[in-house]
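Visitor: Pasting run_39.cif here (mmCIF, C-alpha atoms):
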data_protein
#
loop_
_atom_site.label_atom_id
_atom_site.label_comp_id
_atom_site.auth_asym_id
_atom_site.auth_seq_id
_atom_site.Cartn_x
_atom_site.Cartn_y
_atom_site.Cartn_z
CA MET X 1 0.49 -30.08 -1.83
CA ALA X 2 -2.74 -31.45 -3.36
CA THR X 3 -4.02 -29.05 -6.00
CA LEU X 4 -7.68 -28.32 -5.52
CA GLY X 5 -8.41 -27.95 -9.24
CA ASN X 6 -8.75 -31.73 -9.04
CA PRO X 7 -12.37 -32.60 -7.98
CA GLN X 8 -11.28 -35.54 -5.75
CA HIS X 9 -8.99 -33.25 -3.72
CA THR X 10 -11.79 -30.69 -3.35
CA ILE X 11 -14.27 -33.32 -2.14
CA ALA X 12 -11.67 -34.75 0.28
CA ILE X 13 -10.98 -31.36 1.90
CA LEU X 14 -14.71 -30.55 2.20
CA GLN X 15 -15.29 -33.92 3.91
CA LYS X 16 -12.25 -33.54 6.16
CA TYR X 17 -13.68 -30.30 7.57
CA ASN X 18 -17.32 -31.43 7.30
CA PHE X 19 -17.95 -28.20 5.37
CA ARG X 20 -21.55 -27.10 4.82
CA PHE X 21 -22.29 -24.85 1.83
CA GLN X 22 -24.09 -21.68 2.81
CA LYS X 23 -26.72 -20.33 0.46
CA LYS X 24 -26.36 -16.79 1.80
CA TYR X 25 -22.76 -16.66 0.53
CA GLY X 26 -23.58 -18.12 -2.91
CA GLN X 27 -20.73 -20.64 -2.68
CA ASN X 28 -19.71 -22.59 -5.80
CA PHE X 29 -16.13 -23.89 -5.87
CA LEU X 30 -14.29 -24.24 -9.19
CA ILE X 31 -13.02 -27.75 -10.05
CA ASP X 32 -11.71 -27.27 -13.59
CA THR X 33 -7.96 -26.83 -14.08
CA ARG X 34 -8.40 -25.62 -17.68
CA VAL X 35 -10.57 -22.74 -16.49
CA LEU X 36 -8.05 -21.90 -13.74
CA ASP X 37 -5.28 -21.78 -16.38
CA ARG X 38 -7.40 -19.46 -18.55
CA ILE X 39 -8.01 -17.11 -15.61
CA MET X 40 -4.27 -16.90 -14.82
CA GLN X 41 -3.52 -16.25 -18.49
CA ALA X 42 -6.23 -13.59 -18.81
CA ALA X 43 -5.21 -11.83 -15.61
CA GLY X 44 -1.58 -11.82 -16.80
CA ILE X 45 -0.25 -12.51 -13.28
CA THR X 46 3.55 -12.20 -12.98
CA GLN X 47 6.12 -12.44 -10.17
CA GLU X 48 5.97 -8.61 -9.89
CA ASP X 49 2.27 -8.54 -9.03
CA PHE X 50 0.34 -8.02 -5.83
CA VAL X 51 -3.06 -9.68 -6.30
CA LEU X 52 -6.26 -9.09 -4.34
CA GLU X 53 -8.45 -12.20 -4.46
CA ILE X 54 -12.08 -11.79 -3.40
CA GLY X 55 -13.86 -14.92 -2.18
CA PRO X 56 -11.06 -17.54 -2.20
CA GLY X 57 -13.43 -20.27 -0.94
CA ILE X 58 -11.24 -23.28 -0.09
CA GLY X 59 -8.21 -21.79 -1.88
CA THR X 60 -8.49 -23.44 -5.33
CA MET X 61 -7.59 -20.34 -7.34
CA THR X 62 -5.45 -18.96 -4.50
CA GLN X 63 -2.97 -21.83 -4.97
CA TYR X 64 -2.57 -20.85 -8.63
CA LEU X 65 -2.20 -17.16 -7.70
CA CYS X 66 0.47 -17.94 -5.09
CA GLU X 67 2.44 -19.90 -7.72
CA ASN X 68 2.35 -16.97 -10.16
CA ALA X 69 2.28 -13.72 -8.14
CA ARG X 70 4.71 -11.96 -5.81
CA SER X 71 2.09 -11.62 -3.10
CA VAL X 72 -1.63 -12.38 -2.59
CA ALA X 73 -4.25 -11.03 -0.19
CA ALA X 74 -7.25 -13.39 -0.08
CA VAL X 75 -10.38 -11.79 1.43
CA GLU X 76 -13.00 -14.29 2.60
CA ILE X 77 -16.28 -13.38 4.34
CA ASP X 78 -17.17 -16.89 5.65
CA PRO X 79 -15.31 -17.58 8.94
CA SER X 80 -15.86 -21.35 8.60
CA LEU X 81 -13.56 -21.34 5.54
CA ILE X 82 -10.59 -19.80 7.36
CA PRO X 83 -9.25 -23.05 8.92
CA ILE X 84 -9.60 -24.75 5.52
CA LEU X 85 -7.66 -21.94 3.80
CA GLU X 86 -4.94 -22.12 6.47
CA ASP X 87 -4.63 -25.83 5.64
CA THR X 88 -4.77 -25.69 1.81
CA LEU X 89 -2.40 -22.69 1.65
CA ARG X 90 0.01 -23.76 4.38
CA ASP X 91 2.87 -24.34 1.90
CA TYR X 92 2.77 -20.75 0.61
CA ARG X 93 4.63 -17.89 2.27
CA ASN X 94 3.32 -15.18 -0.06
CA VAL X 95 -0.35 -15.15 0.96
CA GLU X 96 -2.33 -13.33 3.64
CA ILE X 97 -5.83 -14.61 4.49
CA ILE X 98 -8.18 -11.84 5.63
CA CYS X 99 -11.59 -12.73 7.10
CA GLN X 100 -13.68 -9.65 6.25
CA ASP X 101 -16.48 -8.30 4.11
CA ILE X 102 -14.77 -6.78 1.05
CA LEU X 103 -17.45 -4.06 0.87
CA LYS X 104 -16.46 -2.78 4.32
CA MET X 105 -12.67 -2.78 3.87
CA ASP X 106 -10.39 0.22 3.36
CA LEU X 107 -8.88 -1.08 0.12
CA GLY X 108 -6.84 2.08 -0.47
CA LEU X 109 -4.97 1.38 2.77
CA LEU X 110 -4.39 -2.27 1.76
CA VAL X 111 -2.88 -1.21 -1.60
CA GLN X 112 -0.71 1.38 0.13
CA GLU X 113 0.62 -1.16 2.64
CA LYS X 114 1.05 -4.11 0.28
CA ASN X 115 1.95 -2.47 -3.03
CA GLN X 116 3.21 1.04 -2.17
CA GLY X 117 0.09 2.50 -3.82
CA LYS X 118 0.97 1.04 -7.25
CA PRO X 119 -1.83 -0.52 -9.39
CA ILE X 120 -2.91 -4.02 -8.33
CA LYS X 121 -4.66 -6.88 -10.09
CA VAL X 122 -7.96 -8.20 -8.74
CA VAL X 123 -9.11 -11.78 -9.33
CA ALA X 124 -12.41 -13.20 -8.06
CA ASN X 125 -15.06 -15.89 -8.39
CA LEU X 126 -18.03 -13.78 -7.31
CA PRO X 127 -21.40 -14.92 -5.98
CA TYR X 128 -24.03 -13.71 -8.42
CA TYR X 129 -26.10 -11.67 -5.98
CA ILE X 130 -23.19 -9.40 -5.05
CA THR X 131 -21.29 -9.07 -8.35
CA THR X 132 -22.41 -5.53 -9.18
CA PRO X 133 -21.89 -3.93 -5.72
CA ILE X 134 -18.37 -5.40 -5.53
CA ILE X 135 -17.30 -4.33 -9.03
CA MET X 136 -18.78 -0.84 -8.68
CA GLY X 137 -17.28 -0.56 -5.17
CA LEU X 138 -13.82 -1.36 -6.58
CA PHE X 139 -14.15 1.19 -9.39
CA GLU X 140 -15.72 3.94 -7.28
CA SER X 141 -13.06 3.58 -4.57
CA HIS X 142 -10.68 5.05 -7.21
CA MET X 143 -7.91 2.87 -5.79
CA PRO X 144 -5.13 2.00 -8.26
CA ILE X 145 -6.26 -1.08 -10.21
CA GLU X 146 -4.70 -2.43 -13.40
CA SER X 147 -7.36 -5.04 -14.12
CA ILE X 148 -10.19 -7.09 -12.60
CA THR X 149 -10.53 -10.69 -13.85
CA ILE X 150 -13.68 -12.30 -12.51
CA MET X 151 -15.98 -15.26 -12.82
CA VAL X 152 -19.60 -14.11 -12.95
CA GLN X 153 -22.99 -15.31 -14.17
CA LYS X 154 -22.85 -15.53 -17.98
CA GLU X 155 -25.71 -13.10 -18.54
CA VAL X 156 -24.07 -10.52 -16.24
CA ALA X 157 -20.83 -10.77 -18.24
CA GLU X 158 -22.86 -10.27 -21.44
CA ARG X 159 -24.51 -7.18 -19.95
CA MET X 160 -21.11 -5.73 -19.04
CA GLN X 161 -19.85 -5.79 -22.61
CA ALA X 162 -23.20 -5.11 -24.36
CA VAL X 163 -23.44 -2.38 -27.01
CA PRO X 164 -26.20 0.21 -27.67
CA GLY X 165 -29.39 -1.09 -29.27
CA THR X 166 -29.15 -4.62 -27.81
CA LYS X 167 -31.45 -6.06 -25.13
CA ASP X 168 -28.52 -6.62 -22.72
CA TYR X 169 -27.42 -2.97 -22.89
CA GLY X 170 -28.22 -0.96 -19.79
CA ALA X 171 -26.93 1.00 -16.80
CA LEU X 172 -24.47 -1.78 -15.83
CA SER X 173 -22.96 -1.86 -19.37
CA LEU X 174 -22.40 1.90 -19.25
CA ALA X 175 -20.97 1.95 -15.73
CA VAL X 176 -18.50 -0.88 -16.43
CA GLN X 177 -17.48 0.60 -19.80
CA TYR X 178 -17.03 4.05 -18.24
CA TYR X 179 -14.33 2.63 -15.96
CA SER X 180 -12.89 -0.21 -18.06
CA PHE X 181 -12.61 -2.16 -21.30
CA PRO X 182 -14.57 -5.41 -20.71
CA GLU X 183 -13.72 -8.61 -22.58
CA ILE X 184 -15.30 -12.05 -22.06
CA ILE X 185 -12.45 -14.58 -21.92
CA ALA X 186 -14.27 -17.90 -21.51
CA ASN X 187 -17.70 -19.40 -20.94
CA VAL X 188 -17.77 -21.88 -18.06
CA PRO X 189 -20.43 -24.64 -17.83
CA PRO X 190 -22.14 -25.52 -14.52
CA HIS X 191 -20.29 -28.88 -14.23
CA SER X 192 -17.03 -26.97 -13.64
CA PHE X 193 -18.20 -26.23 -10.07
CA ILE X 194 -19.11 -27.97 -6.80
CA PRO X 195 -22.04 -27.63 -6.20
CA GLN X 196 -23.24 -27.02 -9.77
CA PRO X 197 -24.91 -23.61 -10.19
CA LYS X 198 -28.20 -23.52 -12.09
CA VAL X 199 -26.81 -21.13 -14.73
CA GLY X 200 -23.75 -20.84 -16.94
CA SER X 201 -20.83 -18.64 -15.88
CA ALA X 202 -18.21 -16.60 -17.74
CA VAL X 203 -14.75 -15.23 -17.04
CA ILE X 204 -14.58 -11.55 -17.94
CA ARG X 205 -11.54 -9.27 -17.80
CA LEU X 206 -12.03 -5.58 -17.08
CA ALA X 207 -8.91 -3.64 -18.07
CA LYS X 208 -9.08 -0.35 -16.15
CA ARG X 209 -9.22 2.86 -18.19
CA GLN X 210 -6.71 5.55 -17.25
CA GLU X 211 -9.43 8.17 -17.73
CA PRO X 212 -13.02 8.37 -18.99
CA PRO X 213 -13.53 8.19 -22.79
CA LEU X 214 -14.44 11.91 -22.78
CA PRO X 215 -14.01 14.63 -20.11
CA VAL X 216 -16.94 14.57 -17.65
CA GLU X 217 -18.09 17.73 -15.88
CA ASP X 218 -20.19 16.05 -13.17
CA GLU X 219 -19.81 12.28 -12.65
CA LYS X 220 -22.74 12.11 -10.21
CA LEU X 221 -25.07 13.80 -12.70
CA LEU X 222 -23.88 11.48 -15.50
CA PHE X 223 -24.78 8.34 -13.51
CA ALA X 224 -28.10 9.81 -12.34
CA ILE X 225 -29.01 10.46 -16.01
CA ILE X 226 -27.93 6.93 -17.02
CA ARG X 227 -30.00 5.34 -14.23
CA ALA X 228 -33.05 7.46 -15.07
CA SER X 229 -32.76 6.53 -18.76
CA PHE X 230 -33.02 2.81 -18.04
CA GLN X 231 -35.40 2.86 -15.08
CA GLN X 232 -38.36 2.59 -17.44
CA ARG X 233 -36.95 1.16 -20.67
CA ARG X 234 -40.13 1.70 -22.68
CA LYS X 235 -40.18 5.43 -21.99
CA THR X 236 -38.52 8.01 -24.22
CA LEU X 237 -35.39 9.61 -22.82
CA ALA X 238 -37.18 12.95 -22.30
CA ASN X 239 -39.93 11.26 -20.23
CA GLY X 240 -37.47 9.12 -18.27
CA LEU X 241 -35.45 12.19 -17.27
CA GLN X 242 -38.45 14.28 -16.23
CA ASN X 243 -39.81 11.39 -14.09
CA ALA X 244 -36.55 10.88 -12.17
CA PRO X 245 -37.17 12.19 -8.63
CA ASN X 246 -33.53 13.16 -8.03
CA LEU X 247 -32.97 15.12 -11.26
CA PRO X 248 -33.86 18.84 -11.57
CA ILE X 249 -34.94 18.31 -15.21
CA ASP X 250 -38.41 18.99 -16.59
CA LYS X 251 -39.62 17.82 -20.00
CA ALA X 252 -39.10 21.20 -21.72
CA LEU X 253 -35.48 21.32 -20.55
CA ALA X 254 -34.90 17.71 -21.56
CA ILE X 255 -36.26 18.35 -25.07
CA LYS X 256 -34.23 21.56 -25.43
CA VAL X 257 -30.94 19.89 -24.46
CA LEU X 258 -31.57 16.78 -26.59
CA GLU X 259 -32.35 18.93 -29.64
CA SER X 260 -29.26 21.09 -29.05
CA LEU X 261 -27.21 17.89 -29.48
CA GLY X 262 -29.10 16.92 -32.65
CA LEU X 263 -30.97 14.11 -30.85
CA ASN X 264 -34.64 13.33 -31.43
CA PRO X 265 -36.56 13.91 -28.13
CA SER X 266 -38.38 10.59 -28.65
CA ILE X 267 -35.09 8.64 -28.61
CA ARG X 268 -34.72 5.93 -25.93
CA GLY X 269 -31.76 5.53 -23.58
CA GLU X 270 -30.76 2.17 -25.05
CA ALA X 271 -29.91 3.88 -28.38
CA LEU X 272 -27.26 6.16 -26.83
CA SER X 273 -23.57 5.27 -26.62
CA LEU X 274 -21.43 6.06 -23.57
CA ASP X 275 -19.90 9.05 -25.41
CA ALA X 276 -23.41 10.35 -26.20
CA PHE X 277 -24.44 10.04 -22.52
CA ILE X 278 -21.32 11.98 -21.47
CA GLN X 279 -22.09 14.75 -24.01
CA LEU X 280 -25.71 14.83 -22.81
CA SER X 281 -24.70 15.01 -19.16
CA ASN X 282 -22.19 17.82 -19.85
CA ALA X 283 -24.87 19.76 -21.80
CA PHE X 284 -27.32 19.43 -18.87
CA CYS X 285 -24.56 20.49 -16.49
CA ASP X 286 -23.91 23.69 -18.49
CA THR X 287 -27.63 24.48 -18.93
CA LEU X 288 -28.44 23.92 -15.25
CA SER X 289 -25.55 26.10 -14.08
CA GLN X 290 -26.60 28.89 -16.53
CA ASN X 291 -30.19 28.67 -15.21
CA ASN X 292 -28.90 28.90 -11.63
CA HIS X 293 -26.95 32.04 -12.44
CA GLN X 294 -29.84 33.82 -14.09
#
Show how you would write the structure in this file as structure tokens.

Guide:
Amino acid sequence: MATLGNPQHTIAILQKYNFRFQKKYGQNFLIDTRVLDRIMQAAGITQEDFVLEIGPGIGTMTQYLCENARSVAAVEIDPSLIPILEDTLRDYRNVEIICQDILKMDLGLLVQEKNQGKPIKVVANLPYYITTPIIMGLFESHMPIESITIMVQKEVAERMQAVPGTKDYGALSLAVQYYSFPEIIANVPPHSFIPQPKVGSAVIRLAKRQEPPLPVEDEKLLFAIIRASFQQRRKTLANGLQNAPNLPIDKALAIKVLESLGLNPSIRGEALSLDAFIQLSNAFCDTLSQNNHQ
């Protein structure tokens, strides 16, 4: 079987099927065997593993996954790629090609059927415009995941592992770090893809946390506070919270709760760590429930 990590083989298969790249799907196919090896290594795929691959494209990474995993489900949204995948993966018995939108699938059911509900590994080369909805969808589904190893735009990877006080730190950093331990594995230049993207990419591994870093009383409230804190970065935290339309918090309450935690009311969201946001959210939760009972 011709491995697609080789650029000539990729070009040959695209020509054979007269494949047209579709902008709406953000398609860039990997043609760098060293990067493919790094992804396999980072994901730690073994013969025991069931792997969910999102966006297999023409099957370049899928071939590597099939060689290393017990079983692979490759979910592809573009129907014109299905005949190509059936061709490039025809030698493998341990892969199922699913033509669907990953955001609309019942992934819990898939894990139950394919892996008896045990934690799975996710591997993906994600189009930039849909990276965040897919990652957050995977985490929020609360399905059993061991790790997610993905290729994303370099600046998105940097935002995911950013720390407080840096310009990249924001709501995405906090959400990803709430659910996982992010680690950038490799930077990938544009010439590693066909067609070449305009920006650099990075492989990042998100090792799933078993539980949040601190107990959380109200997850929904925590994320509403995080979003409000970064909606207007220049604003102080107290102002950001009172301006958020979906939060029952006025400025006096915001100042009172911040001071009770020893925080200066003029502090900005970007200065707070994830632990500090959890403590803040729990304090608001307690204060709001006391006010409701009065």

Visitor: Which of these, X:Pro79, X:Ala69, X:Leu222, X:Tyr169, has the shortest distance to X:Ala43 once you count only C-alpha atoms?

Guide: X:Ala69

Visitor: If we count only C-alpha atoms and set the cut-off at 8 Å, which residues sit around stretch 120-133 of chain X, ignoring sequence neighbours fewer than 4 positions away in its own chain? Please answer as a list in words.

Guide: Tyr25, Gly26, Gln27, Asn28, Ala43, Ile45, Asp49, Phe50, Val51, Leu52, Glu53, Ile54, Gly55, Pro56, Leu103, Val111, Asn115, Gly137, Pro144, Ile145, Glu146, Ser147, Ile148, Thr149, Ile150, Met151, Val152, Gln153 and Leu172 of chain X

Visitor: Using all atoms listed in the file, which of the listed residues (X:Ala207, X:Leu214, X:Val188, X:Met143) sits closest to X:Asn282?

Guide: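 Looking only at the distances to X:Asn282, the closest residue turns out to be X:Leu214.
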
Visitor: Kindly indicate which residue among X:Ile225, X:Leu237, X:Ala171, X:Leu14 lies nearest to X:Ile278, using all atoms listed in the file for the distances.

Guide: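 Between X:Ile225, X:Leu237, X:Ala171, X:Leu14, the residue approaching X:Ile278 most closely is X:Ile225.
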
Visitor: What residues come out when you apply the PyMOL selection byres ((chain X and resi 108) around 9) to this file, written as JSON, numbers by chain?

Guide: {"X": [105, 106, 107, 109, 110, 111, 112, 113, 117, 141, 142, 143, 144]}

Visitor: Could you state the separation of atom CA of X:Asn187 and atom CA of X:Ser201 in Å, given to one decimal place?

Guide: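 Atom-to-atom, atom CA of X:Asn187 and atom CA of X:Ser201 are spaced 6.0 Å apart.
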
Visitor: Could you jot down the atom CA of X:Ile77 to atom CA of X:Gln100 separation for me, Å, one decimal place?

Guide: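 If I compute the distance from atom CA of X:Ile77 to atom CA of X:Gln100, I get 4.9 Å.
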
Visitor: Running the PyMOL selection byres ((chain X and resi 246-261) around 9) on this model by hand, what would come out? Give it as a list in words.

Guide: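 Applied to this file, the PyMOL selection byres ((chain X and resi 246-261) around 9) selects Leu221, Ala224, Ile225, Ala228, Leu237, Ala238, Asn239, Leu241, Gln242, Asn243, Ala244, Pro245, Gly262, Leu263, Asn264, Pro265, Ser266, Gln279, Leu280, Ala283, Phe284, Thr287 and Leu288 of chain X.
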
Visitor: Looking at X:Thr62, X:Arg209, X:Asp168, X:Arg70, which one is nearest to X:Glu86, with distances taken over all atoms listed in the file?

Guide: X:Thr62

Visitor: Can you list, as JSON, numbers by chain, every protein, DNA or RNA residue that comes within 10 Å of X:Ser173 when you count all atoms listed in the file, leaving out same-chain residues fewer than 5 positions away?

Guide: {"X": [156, 157, 158, 159, 160, 161, 162, 163, 164, 168, 178, 182, 274]}

Visitor: Take every atom of stretch 131-139 of chain X listed in the file, pad by 3 Å on each side, and give me the axis-aligned box centre and edge lengths in Å, one decimal, as lines of an AutoDock Vina configuration file.

Guide:
center_x = -18.1
center_y = -3.9
center_z = -7.3
size_x = 14.6
size_y = 16.3
size_z = 10.2

Visitor: Mind giving me the straight-line distance from atom CA of X:Gly57 to atom CA of X:Phe181 in Å, one decimal?

Guide: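 Here the two named atoms are 27.3 Å from each other.
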
Visitor: Mind listing as a PyMOL selection string all residues within 6 Å of (-16.6, -24.5, -9.0), counting all atoms listed in the file?

Guide: chain X and resi 28-31+192-194

Visitor: Mind writing the picked residues with C-alpha atoms as a short mmCIF file (atom, residue, chain, number, x, y, z; two decimals), in the frame of the given file?

Guide:
data_model
loop_
_atom_site.label_atom_id
_atom_site.label_comp_id
_atom_site.auth_asym_id
_atom_site.auth_seq_id
_atom_site.Cartn_x
_atom_site.Cartn_y
_atom_site.Cartn_z
CA ASN X 28 -19.71 -22.59 -5.80
CA PHE X 29 -16.13 -23.89 -5.87
CA LEU X 30 -14.29 -24.24 -9.19
CA ILE X 31 -13.02 -27.75 -10.05
CA SER X 192 -17.03 -26.97 -13.64
CA PHE X 193 -18.20 -26.23 -10.07
CA ILE X 194 -19.11 -27.97 -6.80
#

Visitor: For X:Asp218, which residue among X:Cys285, X:Ile82, X:Val35, X:Leu4 is the nearest when counting all atoms listed in the file?

Guide: X:Cys285

Visitor: Residues around (-12.4, 13.6, -26.7), cut-off 12 Å, counting only C-alpha atoms - what are they as a PyMOL selection string?

Guide: chain X and resi 211-216+275-276+278-279

Visitor: Can I get the selected residues back with C-alpha atoms, as a compact mmCIF listing (two decimals), in the frame of the given file?

Guide:
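Below you can see selection-v6.txt, which holds the result:
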# COMPACT_ATOMS: atom_id res chain seq x y z
CA GLU X 211 -9.43 8.17 -17.73
CA PRO X 212 -13.02 8.37 -18.99
CA PRO X 213 -13.53 8.19 -22.79
CA LEU X 214 -14.44 11.91 -22.78
CA PRO X 215 -14.01 14.63 -20.11
CA VAL X 216 -16.94 14.57 -17.65
CA ASP X 275 -19.90 9.05 -25.41
CA ALA X 276 -23.41 10.35 -26.20
CA ILE X 278 -21.32 11.98 -21.47
CA GLN X 279 -22.09 14.75 -24.01

Visitor: Of the candidates X:Arg93, X:Lys208, X:Lys167, X:Arg38, which one gets nearest to X:Glu270 if we count only C-alpha atoms?

Guide: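 Of all the options, X:Lys167 lies closest to X:Glu270.
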